[in-house]
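The next block is upload.cif, given as mmCIF, N, CA, C and O atoms.
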data_run
#
loop_
_atom_site.label_atom_id
_atom_site.label_comp_id
_atom_site.auth_asym_id
_atom_site.auth_seq_id
_atom_site.Cartn_x
_atom_site.Cartn_y
_atom_site.Cartn_z
N MET F 1 104.39 105.16 79.83
CA MET F 1 103.84 105.15 81.16
C MET F 1 104.03 103.74 81.73
O MET F 1 103.77 102.75 81.07
N LEU F 2 104.48 103.68 82.95
CA LEU F 2 104.65 102.42 83.66
C LEU F 2 103.83 102.49 84.94
O LEU F 2 103.97 103.43 85.73
N LEU F 3 102.98 101.52 85.13
CA LEU F 3 102.21 101.42 86.36
C LEU F 3 102.77 100.24 87.15
O LEU F 3 102.91 99.14 86.62
N ALA F 4 103.09 100.47 88.39
CA ALA F 4 103.65 99.40 89.22
C ALA F 4 102.91 99.34 90.54
O ALA F 4 102.61 100.37 91.14
N ASP F 5 102.62 98.15 90.96
CA ASP F 5 101.97 97.93 92.26
C ASP F 5 103.06 97.48 93.22
O ASP F 5 103.39 96.31 93.31
N LEU F 6 103.67 98.44 93.90
CA LEU F 6 104.74 98.13 94.83
C LEU F 6 104.16 97.82 96.21
O LEU F 6 103.14 98.39 96.60
N PRO F 7 104.80 96.95 96.96
CA PRO F 7 104.28 96.59 98.28
C PRO F 7 104.20 97.80 99.22
O PRO F 7 105.12 98.63 99.26
N GLY F 8 103.14 97.89 99.94
CA GLY F 8 102.95 98.98 100.89
C GLY F 8 104.02 99.03 101.96
O GLY F 8 104.31 100.09 102.51
N GLU F 9 104.61 97.87 102.26
CA GLU F 9 105.66 97.82 103.28
C GLU F 9 106.85 98.71 102.90
O GLU F 9 107.47 99.31 103.77
N LEU F 10 107.14 98.79 101.62
CA LEU F 10 108.23 99.67 101.18
C LEU F 10 107.96 101.11 101.56
O LEU F 10 108.83 101.81 102.08
N PHE F 11 106.75 101.55 101.30
CA PHE F 11 106.41 102.95 101.56
C PHE F 11 106.21 103.21 103.05
O PHE F 11 106.48 104.31 103.52
N ARG F 12 105.79 102.19 103.80
CA ARG F 12 105.73 102.35 105.26
C ARG F 12 107.14 102.55 105.80
O ARG F 12 107.37 103.38 106.68
N ALA F 13 108.10 101.77 105.27
CA ALA F 13 109.49 101.91 105.72
C ALA F 13 110.05 103.29 105.34
O ALA F 13 110.79 103.89 106.11
N VAL F 14 109.69 103.79 104.17
CA VAL F 14 110.12 105.14 103.78
C VAL F 14 109.50 106.18 104.71
O VAL F 14 110.18 107.08 105.19
N ALA F 15 108.20 106.04 104.98
CA ALA F 15 107.51 106.99 105.85
C ALA F 15 108.11 106.99 107.25
O ALA F 15 108.18 108.02 107.91
N ASP F 16 108.55 105.80 107.71
CA ASP F 16 109.16 105.68 109.04
C ASP F 16 110.65 106.02 109.04
O ASP F 16 111.32 105.88 110.05
N ASN F 17 111.17 106.44 107.88
CA ASN F 17 112.58 106.81 107.73
C ASN F 17 113.51 105.63 107.97
O ASN F 17 114.64 105.80 108.43
N GLN F 18 113.03 104.41 107.69
CA GLN F 18 113.84 103.20 107.84
C GLN F 18 114.46 102.78 106.50
O GLN F 18 115.32 101.91 106.47
N LEU F 19 113.98 103.37 105.41
CA LEU F 19 114.44 103.00 104.08
C LEU F 19 114.53 104.26 103.24
O LEU F 19 113.63 105.10 103.29
N ALA F 20 115.63 104.38 102.52
CA ALA F 20 115.79 105.53 101.63
C ALA F 20 114.97 105.31 100.37
O ALA F 20 114.96 104.22 99.80
N LEU F 21 114.28 106.33 99.94
CA LEU F 21 113.47 106.24 98.74
C LEU F 21 114.32 105.89 97.53
O LEU F 21 113.88 105.18 96.64
N SER F 22 115.55 106.32 97.53
CA SER F 22 116.46 106.04 96.41
C SER F 22 116.78 104.56 96.28
O SER F 22 117.28 104.13 95.25
N SER F 23 116.50 103.76 97.29
CA SER F 23 116.77 102.32 97.22
C SER F 23 115.67 101.55 96.51
O SER F 23 115.79 100.35 96.31
N ILE F 24 114.61 102.24 96.10
CA ILE F 24 113.54 101.61 95.33
C ILE F 24 113.75 102.03 93.88
O ILE F 24 113.46 103.17 93.51
N PRO F 25 114.31 101.13 93.04
CA PRO F 25 114.74 101.51 91.69
C PRO F 25 113.66 102.17 90.84
O PRO F 25 113.94 103.17 90.17
N LEU F 26 112.45 101.67 90.84
CA LEU F 26 111.41 102.27 89.99
C LEU F 26 111.08 103.69 90.41
O LEU F 26 110.80 104.54 89.58
N VAL F 27 111.13 103.95 91.69
CA VAL F 27 110.79 105.29 92.19
C VAL F 27 111.85 106.30 91.76
O VAL F 27 111.53 107.42 91.38
N SER F 28 113.10 105.89 91.78
CA SER F 28 114.16 106.83 91.42
C SER F 28 114.09 107.23 89.94
O SER F 28 114.63 108.26 89.56
N ARG F 29 113.40 106.45 89.12
CA ARG F 29 113.27 106.77 87.70
C ARG F 29 111.95 107.45 87.37
O ARG F 29 111.71 107.84 86.25
N ALA F 30 111.09 107.59 88.34
CA ALA F 30 109.75 108.12 88.09
C ALA F 30 109.75 109.63 87.95
O ALA F 30 110.43 110.34 88.68
N ASP F 31 108.96 110.11 87.00
CA ASP F 31 108.72 111.54 86.86
C ASP F 31 107.57 111.98 87.76
O ASP F 31 107.53 113.08 88.26
N LYS F 32 106.61 111.08 87.93
CA LYS F 32 105.42 111.35 88.74
C LYS F 32 105.10 110.13 89.59
O LYS F 32 105.36 109.00 89.17
N LEU F 33 104.56 110.36 90.76
CA LEU F 33 104.09 109.29 91.63
C LEU F 33 102.65 109.58 92.02
O LEU F 33 102.30 110.73 92.27
N VAL F 34 101.86 108.54 92.08
CA VAL F 34 100.48 108.66 92.55
C VAL F 34 100.33 107.75 93.75
O VAL F 34 100.69 106.57 93.69
N LEU F 35 99.86 108.29 94.83
CA LEU F 35 99.60 107.50 96.03
C LEU F 35 98.12 107.18 96.09
O LEU F 35 97.30 108.09 96.02
N ILE F 36 97.81 105.92 96.23
CA ILE F 36 96.41 105.50 96.35
C ILE F 36 96.18 105.08 97.79
O ILE F 36 96.92 104.26 98.34
N VAL F 37 95.18 105.66 98.39
CA VAL F 37 94.88 105.41 99.80
C VAL F 37 93.59 104.60 99.90
O VAL F 37 92.65 104.82 99.13
N ASP F 38 93.55 103.69 100.83
CA ASP F 38 92.38 102.84 101.06
C ASP F 38 91.18 103.69 101.47
O ASP F 38 91.14 104.24 102.58
N GLY F 39 90.22 103.82 100.58
CA GLY F 39 89.04 104.65 100.82
C GLY F 39 88.20 104.18 102.00
O GLY F 39 87.64 104.99 102.74
N ALA F 40 88.12 102.88 102.19
CA ALA F 40 87.34 102.35 103.32
C ALA F 40 87.97 102.77 104.65
O ALA F 40 87.25 103.11 105.60
N ARG F 41 89.29 102.78 104.71
CA ARG F 41 89.95 103.21 105.95
C ARG F 41 89.81 104.72 106.16
O ARG F 41 89.71 105.19 107.29
N LEU F 42 89.79 105.48 105.06
CA LEU F 42 89.56 106.92 105.19
C LEU F 42 88.15 107.22 105.68
O LEU F 42 87.92 108.19 106.40
N ARG F 43 87.22 106.40 105.27
CA ARG F 43 85.83 106.60 105.65
C ARG F 43 85.56 106.18 107.10
O ARG F 43 84.64 106.68 107.75
N ASP F 44 86.39 105.29 107.62
CA ASP F 44 86.23 104.78 108.99
C ASP F 44 86.72 105.84 109.99
O ASP F 44 87.92 106.16 110.01
N PRO F 45 85.83 106.38 110.81
CA PRO F 45 86.23 107.44 111.75
C PRO F 45 87.34 107.02 112.71
O PRO F 45 88.12 107.86 113.15
N THR F 46 87.43 105.72 113.03
CA THR F 46 88.47 105.28 113.96
C THR F 46 89.83 105.12 113.29
O THR F 46 90.85 105.10 113.97
N ALA F 47 89.87 105.01 111.96
CA ALA F 47 91.13 104.80 111.25
C ALA F 47 91.59 106.04 110.49
O ALA F 47 92.76 106.14 110.13
N ARG F 48 90.68 106.97 110.25
CA ARG F 48 90.98 108.12 109.38
C ARG F 48 92.22 108.90 109.81
O ARG F 48 93.09 109.20 109.00
N ALA F 49 92.32 109.23 111.08
CA ALA F 49 93.45 110.05 111.55
C ALA F 49 94.78 109.35 111.32
O ALA F 49 95.74 109.98 110.86
N SER F 50 94.85 108.06 111.61
CA SER F 50 96.12 107.36 111.42
C SER F 50 96.48 107.22 109.94
O SER F 50 97.64 107.32 109.56
N VAL F 51 95.47 107.02 109.08
CA VAL F 51 95.72 106.93 107.64
C VAL F 51 96.27 108.26 107.13
O VAL F 51 97.27 108.30 106.40
N LEU F 52 95.64 109.35 107.50
CA LEU F 52 96.10 110.67 107.05
C LEU F 52 97.50 110.99 107.58
O LEU F 52 98.31 111.58 106.88
N THR F 53 97.78 110.58 108.80
CA THR F 53 99.11 110.80 109.38
C THR F 53 100.16 110.06 108.57
O THR F 53 101.22 110.61 108.25
N ARG F 54 99.89 108.80 108.23
CA ARG F 54 100.84 108.01 107.44
C ARG F 54 101.08 108.62 106.06
O ARG F 54 102.20 108.69 105.59
N VAL F 55 100.01 109.08 105.43
CA VAL F 55 100.15 109.70 104.11
C VAL F 55 100.97 110.98 104.24
O VAL F 55 101.88 111.23 103.44
N ARG F 56 100.71 111.78 105.25
CA ARG F 56 101.48 113.02 105.44
C ARG F 56 102.95 112.72 105.71
O ARG F 56 103.84 113.44 105.24
N GLN F 57 103.22 111.66 106.49
CA GLN F 57 104.61 111.28 106.75
C GLN F 57 105.32 110.91 105.45
O GLN F 57 106.46 111.32 105.21
N LEU F 58 104.65 110.13 104.61
CA LEU F 58 105.24 109.73 103.35
C LEU F 58 105.46 110.94 102.44
O LEU F 58 106.51 111.09 101.83
N LEU F 59 104.48 111.83 102.38
CA LEU F 59 104.64 113.04 101.57
C LEU F 59 105.80 113.90 102.08
O LEU F 59 106.54 114.49 101.29
N GLU F 60 105.96 113.96 103.39
CA GLU F 60 107.08 114.73 103.95
C GLU F 60 108.41 114.12 103.53
O GLU F 60 109.33 114.82 103.12
N ARG F 61 108.53 112.78 103.62
CA ARG F 61 109.77 112.11 103.20
C ARG F 61 110.02 112.34 101.72
O ARG F 61 111.15 112.55 101.30
N LEU F 62 108.96 112.27 100.92
CA LEU F 62 109.10 112.51 99.48
C LEU F 62 109.60 113.93 99.21
O LEU F 62 110.44 114.15 98.34
N SER F 63 109.10 114.88 99.96
CA SER F 63 109.49 116.27 99.73
C SER F 63 110.94 116.53 100.15
O SER F 63 111.54 117.49 99.68
N LEU F 64 111.50 115.69 100.99
CA LEU F 64 112.89 115.85 101.43
C LEU F 64 113.89 115.22 100.47
O LEU F 64 115.09 115.37 100.64
N THR F 65 113.38 114.51 99.47
CA THR F 65 114.25 113.86 98.49
C THR F 65 114.09 114.56 97.15
O THR F 65 113.29 115.47 97.01
N ARG F 66 114.79 114.07 96.16
CA ARG F 66 114.62 114.63 94.82
C ARG F 66 113.66 113.81 93.99
O ARG F 66 113.56 114.00 92.79
N TYR F 67 112.94 112.87 94.57
CA TYR F 67 112.01 112.00 93.85
C TYR F 67 110.60 112.27 94.32
O TYR F 67 110.28 111.97 95.46
N PRO F 68 109.69 112.69 93.57
CA PRO F 68 109.88 113.42 92.33
C PRO F 68 110.38 114.83 92.65
O PRO F 68 110.47 115.20 93.82
N THR F 69 110.65 115.61 91.65
CA THR F 69 111.26 116.92 91.89
C THR F 69 110.31 117.88 92.59
O THR F 69 110.75 118.81 93.23
N ARG F 70 109.04 117.65 92.49
CA ARG F 70 108.06 118.54 93.12
C ARG F 70 106.92 117.70 93.67
O ARG F 70 106.35 116.88 92.98
N VAL F 71 106.59 117.88 94.94
CA VAL F 71 105.52 117.11 95.57
C VAL F 71 104.28 117.96 95.64
O VAL F 71 104.31 119.09 96.13
N ARG F 72 103.19 117.42 95.14
CA ARG F 72 101.90 118.09 95.23
C ARG F 72 100.97 117.19 96.03
O ARG F 72 100.96 115.98 95.85
N SER F 73 100.19 117.78 96.86
CA SER F 73 99.28 117.01 97.71
C SER F 73 97.87 117.51 97.56
O SER F 73 97.63 118.72 97.44
N LEU F 74 96.93 116.60 97.60
CA LEU F 74 95.52 116.97 97.59
C LEU F 74 94.93 116.98 98.99
O LEU F 74 93.76 117.21 99.16
N LEU F 75 95.75 116.70 100.00
CA LEU F 75 95.26 116.68 101.38
C LEU F 75 95.07 118.08 101.91
O LEU F 75 95.76 118.97 101.68
#
When written as structure tokens, how does the structure in this file appear?
Amino acid sequence: MLLADLPGELFRAVADNQLALSSIPLVSRADKLVLIVDGARLRDPTARASVLTRVRQLLERLSLTRYPTRVRSLL
């Protein structure tokens, strides 16, 4: 098991379709990915919608690639 703390900017760029997920070497080798979302921002009524939108965008981009082979969401 390898745990990596990758910069959020990478995943924002993937969510915005500005960066291919395959260009992040650790992700291309991963069998599983776990997304951790800022709980304080989820709890904030003014930020919740934008946080969920960003997570959904990233999940959509993930589902369009082969990394990982199957995307599961708890949203």
Next on the checklist: Could you tell me, as a list in words, exactly which residues end up selected when the PyMOL selection byres (((chain F and resi 5 and name CA) around 12) and name CA) is applied to this structure?
Outcome noted: Leu2, Leu3, Ala4, Leu6, Pro7, Gly8, Glu9, Leu10, Phe11, Leu26, Val27, Leu33, Val34, Leu35 and Ile36 of chain F
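Picked by the PyMOL selection byres ((chain F and resi 15) around 7) from the coordinates shown: Glu9, Leu10, Phe11, Arg12, Ala13, Val14, Asp16, Asn17, Gln18, Leu19, Arg54, Gln57, Leu58, Leu59 and Arg61 of chain F.
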Next on the checklist: Please return, as a ChimeraX atom specification, all residues of chain F that DSSP assigns to helix (DSSP H, G or I) on the basis of the backbone.
Outcome noted: /F:8-15,21-23,25-28,39-43,48-63
Item to check | Atomic distance atom O of Leu21 (chain F) - atom O of Ala40 (chain F), expressed in Å with one decimal | outcome: 28.2 Å
Checklist entry - Distance atom C of Ala49 (chain F)-atom N of Val37 (chain F), one decimal place? => result 13.5 Å
Next on the checklist: Here is a test: counting only C-alpha atoms, which residue of F:Ala47, F:Leu62, F:Met1, F:Val55 is nearest to Ser22 (chain F)?
Outcome noted: F:Leu62
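With CA of Leu42 (chain F) on one side and atom O of Arg56 (chain F) on the other, the separation reads 15.7 Å.
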Enclose all atoms of region 39-58 of chain F listed in the file in an axis-aligned box, grow every side by 6 Å, and hand back centre and edge lengths in Å to one decimal, as JSON.
{"center_x": 95.6, "center_y": 107.9, "center_z": 107.3, "size_x": 33.9, "size_y": 23.1, "size_z": 25.4}
